[in-house]
>>> print(open('run-v6.pdb').read())   # PDB, C-alpha atoms and all ligand atoms
ATOM      1  CA  MET K 938      83.888 102.106 115.840
ATOM      2  CA  LYS K 939      85.747 102.313 119.167
ATOM      3  CA  LYS K 940      88.802 103.553 117.277
ATOM      4  CA  LYS K 941      86.756 106.251 115.509
ATOM      5  CA  ILE K 942      85.244 107.425 118.782
ATOM      6  CA  ILE K 943      88.584 107.610 120.558
ATOM      7  CA  ASN K 944      90.136 109.479 117.622
ATOM      8  CA  ILE K 945      87.429 112.134 117.615
ATOM      9  CA  LEU K 946      87.685 112.532 121.407
ATOM     10  CA  LYS K 947      91.472 112.863 121.088
ATOM     11  CA  SER K 948      91.213 115.593 118.483
ATOM     12  CA  ASN K 949      88.856 117.713 120.638
ATOM     13  CA  ASP K 950      89.829 119.346 123.925
ATOM     14  CA  ASP K 951      86.221 120.241 124.654
ATOM     15  CA  PHE K 952      83.111 118.120 125.267
ATOM     16  CA  ILE K 953      81.478 116.388 122.303
ATOM     17  CA  SER K 954      77.800 115.638 122.661
ATOM     18  CA  GLY K 955      76.415 112.104 122.431
ATOM     19  CA  GLN K 956      74.032 113.391 119.753
ATOM     20  CA  MET K 957      76.890 114.666 117.608
ATOM     21  CA  LEU K 958      78.740 111.366 117.875
ATOM     22  CA  SER K 959      75.574 109.463 117.102
ATOM     23  CA  ASP K 960      74.847 111.639 114.006
ATOM     24  CA  GLN K 961      78.450 111.413 112.816
ATOM     25  CA  PHE K 962      78.670 107.625 113.038
ATOM     26  CA  GLY K 963      75.051 106.773 112.261
ATOM     27  CA  ILE K 964      74.490 104.764 115.454
ATOM     28  CA  THR K 965      72.197 105.365 118.433
ATOM     29  CA  ARG K 966      73.239 107.327 121.519
ATOM     30  CA  ALA K 967      72.820 104.113 123.514
ATOM     31  CA  ALA K 968      75.379 102.440 121.239
ATOM     32  CA  ILE K 969      77.775 105.374 121.749
ATOM     33  CA  TRP K 970      77.327 104.959 125.508
ATOM     34  CA  LYS K 971      78.158 101.252 125.174
ATOM     35  CA  TYR K 972      81.424 102.031 123.353
ATOM     36  CA  ILE K 973      82.319 104.715 125.905
ATOM     37  CA  THR K 974      81.785 102.172 128.704
ATOM     38  CA  GLN K 975      84.084  99.715 126.910
ATOM     39  CA  LEU K 976      86.748 102.401 126.441
ATOM     40  CA  LYS K 977      86.584 103.277 130.145
ATOM     41  CA  LYS K 978      87.104  99.585 130.965
ATOM     42  CA  GLU K 979      90.230  99.628 128.778
ATOM     43  CA  GLY K 980      91.624 102.461 130.897
ATOM     44  CA  TYR K 981      90.530 105.589 128.999
ATOM     45  CA  GLU K 982      89.478 108.257 131.476
ATOM     46  CA  ILE K 983      86.413 109.904 129.919
ATOM     47  CA  GLU K 984      84.376 112.576 131.634
ATOM     48  CA  SER K 985      80.651 112.411 130.818
ATOM     49  CA  ILE K 986      78.290 115.220 131.776
ATOM     50  CA  SER K 987      74.639 115.200 130.806
ATOM     51  CA  ARG K 988      73.749 117.816 128.184
ATOM     52  CA  LYS K 989      77.451 118.431 127.502
ATOM     53  CA  GLY K 990      78.612 115.002 126.340
ATOM     54  CA  TYR K 991      82.009 113.341 126.570
ATOM     55  CA  ARG K 992      85.560 114.610 127.086
ATOM     56  CA  LEU K 993      88.776 112.594 127.083
ATOM     57  CA  ILE K 994      90.868 113.215 130.200
ATOM     58  CA  SER K 995      93.650 110.659 129.711
ATOM     59  CA  SER K 996      94.594 107.612 127.673
ATOM     60  CA  PRO K 997      96.012 104.375 129.081
ATOM     61  CA  ASP K 998      99.526 103.172 128.218
ATOM     62  CA  LEU K 999      98.296 100.637 125.682
ATOM     63  CA  ILE K1000     100.111  99.546 122.535
ATOM     64  CA  SER K1001      96.903  99.392 120.522
ATOM     65  CA  SER K1002      96.327 100.729 117.035
ATOM     66  CA  GLU K1003      94.361 103.675 118.517
ATOM     67  CA  GLU K1004      97.385 104.733 120.556
ATOM     68  CA  ILE K1005     100.151 104.053 118.022
ATOM     69  CA  THR K1006      98.590 105.224 114.738
ATOM     70  CA  PRO K1007      98.659 108.961 115.624
ATOM     71  CA  LEU K1008     102.414 108.690 116.278
ATOM     72  CA  LEU K1009     103.322 106.849 113.060
ATOM     73  CA  GLU K1010     105.610 108.451 110.494
ATOM     74  CA  THR K1011     105.652 105.496 108.100
ATOM     75  CA  LYS K1012     104.169 104.663 104.717
ATOM     76  CA  VAL K1013     103.857 100.888 105.039
ATOM     77  CA  PHE K1014     104.903  99.583 108.433
ATOM     78  CA  GLY K1015     102.229  99.714 111.117
ATOM     79  CA  LYS K1016      99.434 100.724 108.742
ATOM     80  CA  ASN K1017      97.803  97.457 109.753
ATOM     81  CA  ILE K1018      98.145  96.873 113.503
ATOM     82  CA  ILE K1019      96.645  93.824 115.169
ATOM     83  CA  HIS K1020      96.608  94.214 118.939
ATOM     84  CA  TYR K1021      95.897  91.585 121.580
ATOM     85  CA  ASP K1022      95.389  91.924 125.293
ATOM     86  CA  SER K1023      97.038  88.524 125.694
ATOM     87  CA  ILE K1024      98.342  85.967 123.184
ATOM     88  CA  HIS K1025     100.504  82.824 123.256
ATOM     89  CA  SER K1026     103.238  84.351 121.063
ATOM     90  CA  THR K1027     102.994  87.240 118.597
ATOM     91  CA  ASN K1028     105.415  85.417 116.274
ATOM     92  CA  SER K1029     103.314  82.233 116.271
ATOM     93  CA  GLN K1030     100.150  84.287 115.758
ATOM     94  CA  ALA K1031     101.753  86.299 112.938
ATOM     95  CA  LYS K1032     102.723  83.055 111.187
ATOM     96  CA  LEU K1033      99.139  81.770 111.426
ATOM     97  CA  LEU K1034      97.832  85.057 109.998
ATOM     98  CA  CYS K1035     100.484  85.051 107.241
ATOM     99  CA  ASP K1036      99.248  81.635 106.155
ATOM    100  CA  GLU K1037      95.892  83.399 105.668
ATOM    101  CA  GLY K1038      97.512  86.153 103.564
ATOM    102  CA  LEU K1039      98.492  88.957 105.964
ATOM    103  CA  GLN K1040     100.236  91.746 104.039
ATOM    104  CA  GLU K1041     103.772  93.135 104.367
ATOM    105  CA  GLY K1042     104.147  95.823 106.999
ATOM    106  CA  SER K1043     101.481  94.374 109.302
ATOM    107  CA  VAL K1044     102.439  94.566 112.959
ATOM    108  CA  ILE K1045     101.161  92.177 115.620
ATOM    109  CA  LEU K1046     101.344  93.510 119.175
ATOM    110  CA  SER K1047     100.305  92.083 122.506
ATOM    111  CA  GLU K1048     100.144  93.462 126.037
ATOM    112  CA  GLU K1049     101.526  90.099 127.202
ATOM    113  CA  GLN K1050     102.580  86.694 125.865
ATOM    114  CA  THR K1051     101.764  83.468 127.642
ATOM    115  CA  SER K1052     104.264  81.335 125.647
ATOM    116  CA  GLY K1053     106.745  83.863 124.287
ATOM    117  CA  ARG K1054     109.595  82.239 122.396
ATOM    118  CA  GLY K1055     113.273  83.194 122.282
ATOM    119  CA  ARG K1056     116.035  81.909 120.047
ATOM    120  CA  LEU K1057     117.274  78.329 120.283
ATOM    121  CA  GLY K1058     114.015  77.090 121.776
ATOM    122  CA  ARG K1059     114.278  79.272 124.878
ATOM    123  CA  ASN K1060     111.330  80.925 126.612
ATOM    124  CA  TRP K1061     110.829  84.671 126.507
ATOM    125  CA  SER K1062     109.057  86.386 129.369
ATOM    126  CA  SER K1063     106.688  89.262 128.423
ATOM    127  CA  PRO K1064     104.862  90.624 131.495
ATOM    128  CA  LYS K1065     101.557  92.398 130.950
ATOM    129  CA  GLY K1066     101.618  96.095 130.168
ATOM    130  CA  SER K1067     105.315  96.579 130.920
ATOM    131  CA  SER K1068     106.959  94.886 127.937
ATOM    132  CA  ILE K1069     106.709  95.107 124.178
ATOM    133  CA  SER K1070     105.932  91.945 122.229
ATOM    134  CA  MET K1071     105.880  92.827 118.569
ATOM    135  CA  SER K1072     106.049  90.876 115.326
ATOM    136  CA  VAL K1073     106.519  92.580 111.980
ATOM    137  CA  VAL K1074     105.500  90.863 108.740
ATOM    138  CA  LEU K1075     107.893  91.120 105.790
ATOM    139  CA  LYS K1076     107.628  89.739 102.278
ATOM    140  CA  PRO K1077     111.015  90.540 100.763
ATOM    141  CA  GLU K1078     111.699  89.353  97.225
ATOM    142  CA  ILE K1079     115.238  88.255  98.061
ATOM    143  CA  ASN K1080     117.078  84.971  98.264
ATOM    144  CA  PRO K1081     116.368  83.304 101.642
ATOM    145  CA  VAL K1082     120.127  83.256 102.372
ATOM    146  CA  HIS K1083     119.979  87.031 102.922
ATOM    147  CA  VAL K1084     117.269  86.953 105.604
ATOM    148  CA  ALA K1085     119.767  87.078 108.495
ATOM    149  CA  LYS K1086     120.513  90.654 107.362
ATOM    150  CA  VAL K1087     116.983  91.673 108.354
ATOM    151  CA  THR K1088     117.848  90.920 111.995
ATOM    152  CA  GLN K1089     120.801  93.313 111.788
ATOM    153  CA  ILE K1090     118.617  95.964 110.135
ATOM    154  CA  SER K1091     116.157  95.583 112.963
ATOM    155  CA  ALA K1092     118.874  95.838 115.638
ATOM    156  CA  ALA K1093     120.177  99.009 113.980
ATOM    157  CA  ALA K1094     116.666 100.525 113.866
ATOM    158  CA  LEU K1095     116.085  99.675 117.529
ATOM    159  CA  SER K1096     119.310 101.387 118.543
ATOM    160  CA  LEU K1097     118.278 104.522 116.606
ATOM    161  CA  ALA K1098     114.840 104.495 118.243
ATOM    162  CA  PHE K1099     116.433 104.190 121.690
ATOM    163  CA  GLU K1100     118.888 106.973 120.902
ATOM    164  CA  GLU K1101     115.998 109.241 119.897
ATOM    165  CA  MET K1102     114.740 108.769 123.470
ATOM    166  CA  ASP K1103     118.207 109.475 124.909
ATOM    167  CA  ILE K1104     118.787 105.823 125.685
ATOM    168  CA  GLN K1105     122.286 104.590 124.873
ATOM    169  CA  CYS K1106     122.652 100.900 124.035
ATOM    170  CA  ASN K1107     124.993  98.361 122.504
ATOM    171  CA  ILE K1108     124.198  95.741 119.910
ATOM    172  CA  LYS K1109     125.411  92.249 120.642
ATOM    173  CA  TRP K1110     125.653  90.572 117.248
ATOM    174  CA  PRO K1111     123.432  89.116 115.918
ATOM    175  CA  ASN K1112     120.232  89.909 117.772
ATOM    176  CA  ASP K1113     120.527  91.355 121.261
ATOM    177  CA  ILE K1114     120.293  94.919 122.505
ATOM    178  CA  ILE K1115     122.334  95.449 125.639
ATOM    179  CA  ILE K1116     122.452  98.218 128.226
ATOM    180  CA  ASN K1117     125.152  98.181 130.919
ATOM    181  CA  ASN K1118     126.049  94.615 129.950
ATOM    182  CA  LYS K1119     122.510  93.306 130.472
ATOM    183  CA  LYS K1120     119.978  92.311 127.827
ATOM    184  CA  VAL K1121     117.028  94.629 127.321
ATOM    185  CA  CYS K1122     115.749  93.382 123.991
ATOM    186  CA  GLY K1123     115.958  90.325 121.737
ATOM    187  CA  ILE K1124     115.023  89.628 118.130
ATOM    188  CA  LEU K1125     113.690  86.351 116.778
ATOM    189  CA  THR K1126     113.489  86.266 112.976
ATOM    190  CA  GLU K1127     111.551  83.365 111.499
ATOM    191  CA  MET K1128     110.569  82.601 107.918
ATOM    192  CA  SER K1129     108.579  80.386 105.650
ATOM    193  CA  SER K1130     110.316  79.786 102.343
ATOM    194  CA  GLU K1131     110.969  77.533  99.415
ATOM    195  CA  LEU K1132     114.532  76.975  98.181
ATOM    196  CA  ASN K1133     114.795  80.291  96.344
ATOM    197  CA  LYS K1134     111.654  82.121  97.343
ATOM    198  CA  ILE K1135     110.489  83.600 100.612
ATOM    199  CA  ASN K1136     106.801  83.252 101.439
ATOM    200  CA  TYR K1137     107.109  85.542 104.461
ATOM    201  CA  VAL K1138     109.412  86.593 107.255
ATOM    202  CA  VAL K1139     108.158  87.271 110.777
ATOM    203  CA  MET K1140     110.503  89.470 112.730
ATOM    204  CA  GLY K1141     109.735  89.221 116.426
ATOM    205  CA  ILE K1142     110.999  91.777 118.899
ATOM    206  CA  GLY K1143     110.740  91.577 122.665
ATOM    207  CA  ILE K1144     111.644  94.668 124.704
ATOM    208  CA  ASN K1145     111.779  94.905 128.488
ATOM    209  CA  VAL K1146     110.417  98.411 128.923
ATOM    210  CA  ASN K1147     108.880  99.162 132.326
ATOM    211  CA  ILE K1148     109.581  95.849 134.072
ATOM    212  CA  ASP K1149     110.672  96.129 137.722
ATOM    213  CA  GLU K1150     113.616  94.049 138.911
ATOM    214  CA  GLU K1151     111.509  91.736 141.077
ATOM    215  CA  ALA K1152     109.285  90.870 138.110
ATOM    216  CA  PHE K1153     112.105  89.114 136.221
ATOM    217  CA  PRO K1154     112.222  85.339 136.641
ATOM    218  CA  ASP K1155     115.078  84.414 139.061
ATOM    219  CA  GLU K1156     117.113  82.594 136.422
ATOM    220  CA  ILE K1157     117.513  85.708 134.255
ATOM    221  CA  LYS K1158     117.784  88.428 136.922
ATOM    222  CA  SER K1159     121.569  88.649 136.566
ATOM    223  CA  ILE K1160     121.581  88.944 132.770
ATOM    224  CA  ALA K1161     118.385  90.873 131.968
ATOM    225  CA  THR K1162     117.336  94.432 132.578
ATOM    226  CA  SER K1163     114.638  96.898 131.513
ATOM    227  CA  LEU K1164     114.700 100.459 130.235
ATOM    228  CA  LYS K1165     112.965 101.576 133.441
ATOM    229  CA  ILE K1166     115.581  99.920 135.663
ATOM    230  CA  GLU K1167     118.437 101.509 133.702
ATOM    231  CA  TYR K1168     116.908 104.963 133.329
ATOM    232  CA  GLY K1169     114.900 105.172 136.556
ATOM    233  CA  LYS K1170     111.705 106.300 134.859
ATOM    234  CA  GLN K1171     108.681 104.996 132.955
ATOM    235  CA  ILE K1172     109.305 104.898 129.208
ATOM    236  CA  SER K1173     106.510 105.239 126.646
ATOM    237  CA  ARG K1174     106.036 101.913 124.883
ATOM    238  CA  LYS K1175     104.026 103.392 122.033
ATOM    239  CA  GLN K1176     106.728 105.995 121.363
ATOM    240  CA  ILE K1177     109.384 103.279 121.080
ATOM    241  CA  ILE K1178     107.219 101.291 118.653
ATOM    242  CA  ALA K1179     106.433 104.284 116.416
ATOM    243  CA  SER K1180     110.046 105.396 116.383
ATOM    244  CA  PHE K1181     111.354 101.881 115.685
ATOM    245  CA  LEU K1182     108.936 101.440 112.767
ATOM    246  CA  LYS K1183     110.078 104.754 111.260
ATOM    247  CA  TYR K1184     113.783 103.801 111.350
ATOM    248  CA  PHE K1185     113.127 100.216 110.351
ATOM    249  CA  GLU K1186     111.063 101.219 107.317
ATOM    250  CA  ASN K1187     113.860 103.486 106.028
ATOM    251  CA  LEU K1188     116.668 100.980 106.543
ATOM    252  CA  TYR K1189     114.647  98.001 105.301
ATOM    253  CA  PHE K1190     113.542  99.643 102.043
ATOM    254  CA  GLU K1191     117.065 100.940 101.476
ATOM    255  CA  PHE K1192     118.198  97.314 101.648
ATOM    256  CA  ILE K1193     115.375  96.065  99.388
ATOM    257  CA  ASN K1194     115.887  98.849  96.826
ATOM    258  CA  THR K1195     119.700  98.839  96.688
ATOM    259  CA  GLY K1196     120.500  95.269  97.715
ATOM    260  CA  SER K1197     122.862  96.629 100.374
ATOM    261  CA  ALA K1198     122.314  96.839 104.130
ATOM    262  CA  GLU K1199     125.614  98.657 104.654
ATOM    263  CA  SER K1200     124.057 101.621 106.523
ATOM    264  CA  SER K1201     122.565  99.203 109.047
ATOM    265  CA  PHE K1202     125.811  97.227 109.359
ATOM    266  CA  GLU K1203     127.688 100.471 109.984
ATOM    267  CA  ILE K1204     125.323 101.266 112.873
ATOM    268  CA  CYS K1205     125.801  97.716 114.210
ATOM    269  CA  ARG K1206     129.599  98.121 114.025
ATOM    270  CA  LYS K1207     129.543 101.493 115.780
ATOM    271  CA  ARG K1208     127.424 100.170 118.640
ATOM    272  CA  SER K1209     128.876  96.677 118.731
ATOM    273  CA  LEU K1210     129.434  95.110 122.119
ATOM    274  CA  LEU K1211     131.745  92.478 120.651
ATOM    275  CA  LEU K1212     134.169  94.032 118.165
ATOM    276  CA  GLY K1213     137.776  93.949 119.376
ATOM    277  CA  LYS K1214     136.834  91.799 122.374
ATOM    278  CA  ASN K1215     137.764  88.279 123.405
ATOM    279  CA  ILE K1216     134.640  86.186 123.019
ATOM    280  CA  TYR K1217     133.504  82.571 122.939
ATOM    281  CA  VAL K1218     131.886  80.982 119.913
ATOM    282  CA  ILE K1219     129.259  78.559 121.223
ATOM    283  CA  ARG K1220     128.294  75.401 119.339
ATOM    284  CA  GLY K1221     126.197  73.013 121.380
ATOM    285  CA  SER K1222     128.135  72.457 124.603
ATOM    286  CA  GLU K1223     131.429  73.605 123.044
ATOM    287  CA  ARG K1224     132.810  77.105 123.809
ATOM    288  CA  THR K1225     135.745  78.108 121.615
ATOM    289  CA  PRO K1226     137.736  81.237 122.535
ATOM    290  CA  ALA K1227     138.189  83.763 119.725
ATOM    291  CA  THR K1228     138.443  87.476 119.034
ATOM    292  CA  ALA K1229     135.599  89.374 117.323
ATOM    293  CA  VAL K1230     137.392  91.099 114.436
ATOM    294  CA  SER K1231     134.707  92.761 112.308
ATOM    295  CA  ILE K1232     131.237  92.690 110.850
ATOM    296  CA  ASP K1233     131.692  92.258 107.111
ATOM    297  CA  GLU K1234     129.736  93.573 104.112
ATOM    298  CA  ASN K1235     127.246  90.706 104.490
ATOM    299  CA  GLY K1236     126.580  91.385 108.159
ATOM    300  CA  GLU K1237     128.562  88.300 109.129
ATOM    301  CA  LEU K1238     130.753  88.332 112.232
ATOM    302  CA  ILE K1239     134.416  87.655 111.431
ATOM    303  CA  VAL K1240     136.157  85.929 114.321
ATOM    304  CA  LYS K1241     139.800  84.970 114.772
ATOM    305  CA  TYR K1242     140.487  81.755 116.683
ATOM    306  CA  GLU K1243     143.544  81.338 118.902
ATOM    307  CA  ASP K1244     145.392  79.414 116.160
ATOM    308  CA  GLY K1245     145.066  82.467 113.893
ATOM    309  CA  THR K1246     142.359  81.106 111.573
ATOM    310  CA  LEU K1247     139.561  83.440 110.566
ATOM    311  CA  SER K1248     135.940  82.366 110.283
ATOM    312  CA  ASN K1249     132.642  83.996 109.236
ATOM    313  CA  LEU K1250     129.625  83.470 111.466
ATOM    314  CA  VAL K1251     126.285  83.961 109.697
ATOM    315  CA  SER K1252     124.223  83.654 112.839
ATOM    316  CA  GLY K1253     124.636  81.599 115.974
ATOM    317  CA  GLU K1254     125.678  82.217 119.486
ATOM    318  CA  VAL K1255     128.608  84.067 120.935
ATOM    319  CA  SER K1256     129.306  85.256 124.456
ATOM    320  CA  VAL K1257     131.707  87.692 126.034
TER     321      VAL K1257
HETATM  322  C1  LIG O   1     115.893  86.137 121.937
HETATM  323  O1  LIG O   1     116.636  87.000 122.377
HETATM  324  O2  LIG O   1     116.089  84.941 122.200
HETATM  325  C2  LIG O   1     114.753  86.547 121.050
HETATM  326  C3  LIG O   1     113.553  86.963 121.828
HETATM  327  C4  LIG O   1     112.397  87.359 120.954
HETATM  328  C5  LIG O   1     111.122  87.605 121.721
HETATM  329  C6  LIG O   1     110.043  88.155 120.850
HETATM  330  S1  LIG O   1     108.695  88.807 121.769
HETATM  331  C7  LIG O   1     107.744  88.971 120.327
HETATM  332  C8  LIG O   1     108.012  87.749 119.490
HETATM  333  N1  LIG O   1     107.137  86.669 119.857
HETATM  334  C9  LIG O   1     107.806  85.641 120.392
HETATM  335  O3  LIG O   1     107.296  84.591 120.822
HETATM  336  N2  LIG O   1     109.104  85.913 120.426
HETATM  337  C10 LIG O   1     109.399  87.202 119.862
END
>>> encode(input="run-v6.pdb", output="structure tokens", more="lines below")
Ligand code: BTN
Amino acid sequence: MKKKIINILKSNDDFISGQMLSDQFGITRAAIWKYITQLKKEGYEIESISRKGYRLISSPDLISSEEITPLLETKVFGKNIIHYDSIHSTNSQAKLLCDEGLQEGSVILSEEQTSGRGRLGRNWSSPKGSSISMSVVLKPEINPVHVAKVTQISAAALSLAFEEMDIQCNIKWPNDIIINNKKVCGILTEMSSELNKINYVVMGIGINVNIDEEAFPDEIKSIATSLKIEYGKQISRKQIIASFLKYFENLYFEFINTGSAESSFEICRKRSLLLGKNIYVIRGSERTPATAVSIDENGELIVKYEDGTLSNLVSGEVSV
């Protein structure tokens, strides 16, 4: 009901009377007042004048369904948005909901995470209202060995969404988005599968959007940044999400329908932070020097070790 009320207020510049809202939705004027009070608590600025009704003055910077749905240009992704004020981890929550049958294209969003997870068991910090914590549910009918490609598709879509907002970034294979050599976004792709069949994939994306420098934990200050720090202005979180979902939907269904993710890999190559550079391949505590040669037709990183041998990395960790 709250969503319906906010939508009608958004589509009218003028006052709408309590009576009209109550007739339209078949609830009492007192109930309308209760919803308006809740919306005000969530940060919607609503003017209320007796005998005139209600008028929306401004909306808060929330990443709720009410705020994102009007911006969506997708057919499947984001049609079902589940939004939390606070959650342990959107990926963990998405997995729980998938076990209960959540459909493909569902998007779980939270204003903050209290136990956000990164790759390799690391923590991921997601401060309230200034970051994006998003998990997208996929049910691809592909062999589980191809799931790593979805991470590359996602990285490509993120870079296109950033570019649409005049934000230039690099992609650090396989799952980091980098601006000025610092990480602004990470992707954690998890799945539940049998040997040959995927039950579901949860693609988790964490973006540092409007985080100020002092809000980063000390141990990551030198390697992490936010869009606001790099561009010196507030960036709209809901715009990034809507734009990402648009690009992701196109690239993902191209992959599902043709079996090839070449368009995404081409974007990853063009924006690659690693290609042509001397890097280290990290396995446990071992760091082996190599050169990043190319990203092949499977999205794998081809590296050349100092003894001249070539190797394909499917996923894993590399550093510059
Ligand atoms: C990484 O770079 O290590 C990946 C970070 C992924 C963080 C996102 S935030 C939304 C989703 N929920 C999580 O707990 N993690 C991912």
>>> closest_residue(input="run-v6.pdb", among="K:Phe1181, K:Trp1110, K:Phe1014, K:Tyr1217", to="K:Glu1041", atoms="only C-alpha atoms")
K:Phe1014
>>> residues_near_ligand(input="run-v6.pdb", ligand="ligand LIG 1 (chain O)", cutoff="10 Å", atoms="all atoms listed in the file", output="JSON, numbers by chain")
{"K": [1024, 1025, 1026, 1027, 1028, 1029, 1030, 1031, 1045, 1046, 1047, 1049, 1050, 1051, 1052, 1053, 1054, 1055, 1056, 1057, 1058, 1059, 1060, 1061, 1062, 1063, 1068, 1069, 1070, 1071, 1072, 1073, 1111, 1112, 1113, 1114, 1120, 1121, 1122, 1123, 1124, 1125, 1126, 1127, 1139, 1140, 1141, 1142, 1143, 1144, 1145]}
>>> resolve_selection(input="run-v6.pdb", expression="the PyMOL selection byres (((chain K and resi 963-979) around 9) and not hetatm)", output="list in words")
Met938, Lys939, Ile942, Ile943, Gly955, Gln956, Leu958, Ser959, Asp960, Gln961, Phe962, Gly980, Tyr981, Glu982, Ile983, Tyr991, Pro997 and Leu999 of chain K
>>> atom_distance(input="run-v6.pdb", atom1="atom CA of K:Glu1150", atom2="atom CA of K:Tyr1021")
24.9 Å
>>> closest_residue(input="run-v6.pdb", among="K:Val1044, K:Ile1019, K:Val1255, K:Leu1039", to="K:Ile1178", atoms="only C-alpha atoms")
K:Val1044
>>> closest_residue(input="run-v6.pdb", among="K:Ser1023, K:Val1218, K:Lys1012, K:Ile1204", to="K:Glu1243", atoms="all atoms listed in the file")
K:Val1218
>>> atom_distance(input="run-v6.pdb", atom1="atom CA of K:Glu1100", atom2="atom CA of K:Thr1162")
17.2 Å
>>> closest_residue(input="run-v6.pdb", among="K:Ser1043, K:Ile1108, K:Val1138, K:Glu1156", to="K:Ala1094", atoms="all atoms listed in the file")
K:Ile1108
>>> resolve_selection(input="run-v6.pdb", expression="the PyMOL selection byres (((chain K and resi 1163) around 12) and not hetatm)", output="PyMOL selection string")
chain K and resi 1063-1064+1067-1069+1104+1106+1114-1123+1143-1153+1157-1162+1164-1172+1174
>>> closest_residue(input="run-v6.pdb", among="K:Ser1201, K:Thr1088, K:Gln1105, K:Asn1187", to="K:Ser1252", atoms="only C-alpha atoms")
K:Thr1088
>>> atom_distance(input="run-v6.pdb", atom1="atom CA of K:Glu1004", atom2="atom CA of K:His1020")
10.7 Å
>>> residues_near_point(input="run-v6.pdb", point="(125.2, 96.5, 120.3)", cutoff="6 Å", atoms="all atoms listed in the file", output="list in words")
Asn1107, Ile1108, Lys1109, Ile1114, Arg1208, Ser1209 and Leu1210 of chain K
>>> closest_residue(input="run-v6.pdb", among="K:Gly1066, K:Gly1042, K:Pro1081, K:Pro1154", to="K:Tyr1189", atoms="only C-alpha atoms")
K:Gly1042
>>> residues_near_point(input="run-v6.pdb", point="(96.1, 102.2, 116.6)", cutoff="10 Å", atoms="all atoms listed in the file", output="ChimeraX atom specification")
/K:940,944,999-1009,1015-1020,1175
>>> residues_around(input="run-v6.pdb", residues="K:Phe1202", least_positions_apart="5", cutoff="10 Å", atoms="all atoms listed in the file", output="list in words")
Lys1086, Gln1089, Ile1090, Ala1092, Ala1093, Ser1197, Lys1207, Arg1208, Ser1209, Ile1232, Asp1233, Glu1234, Asn1235, Gly1236 and Glu1237 of chain K
>>> resolve_selection(input="run-v6.pdb", expression="the PyMOL selection byres (((chain K and resi 1076) around 7) and not hetatm)", output="ChimeraX atom specification")
/K:1041,1074-1075,1077-1078,1135-1138
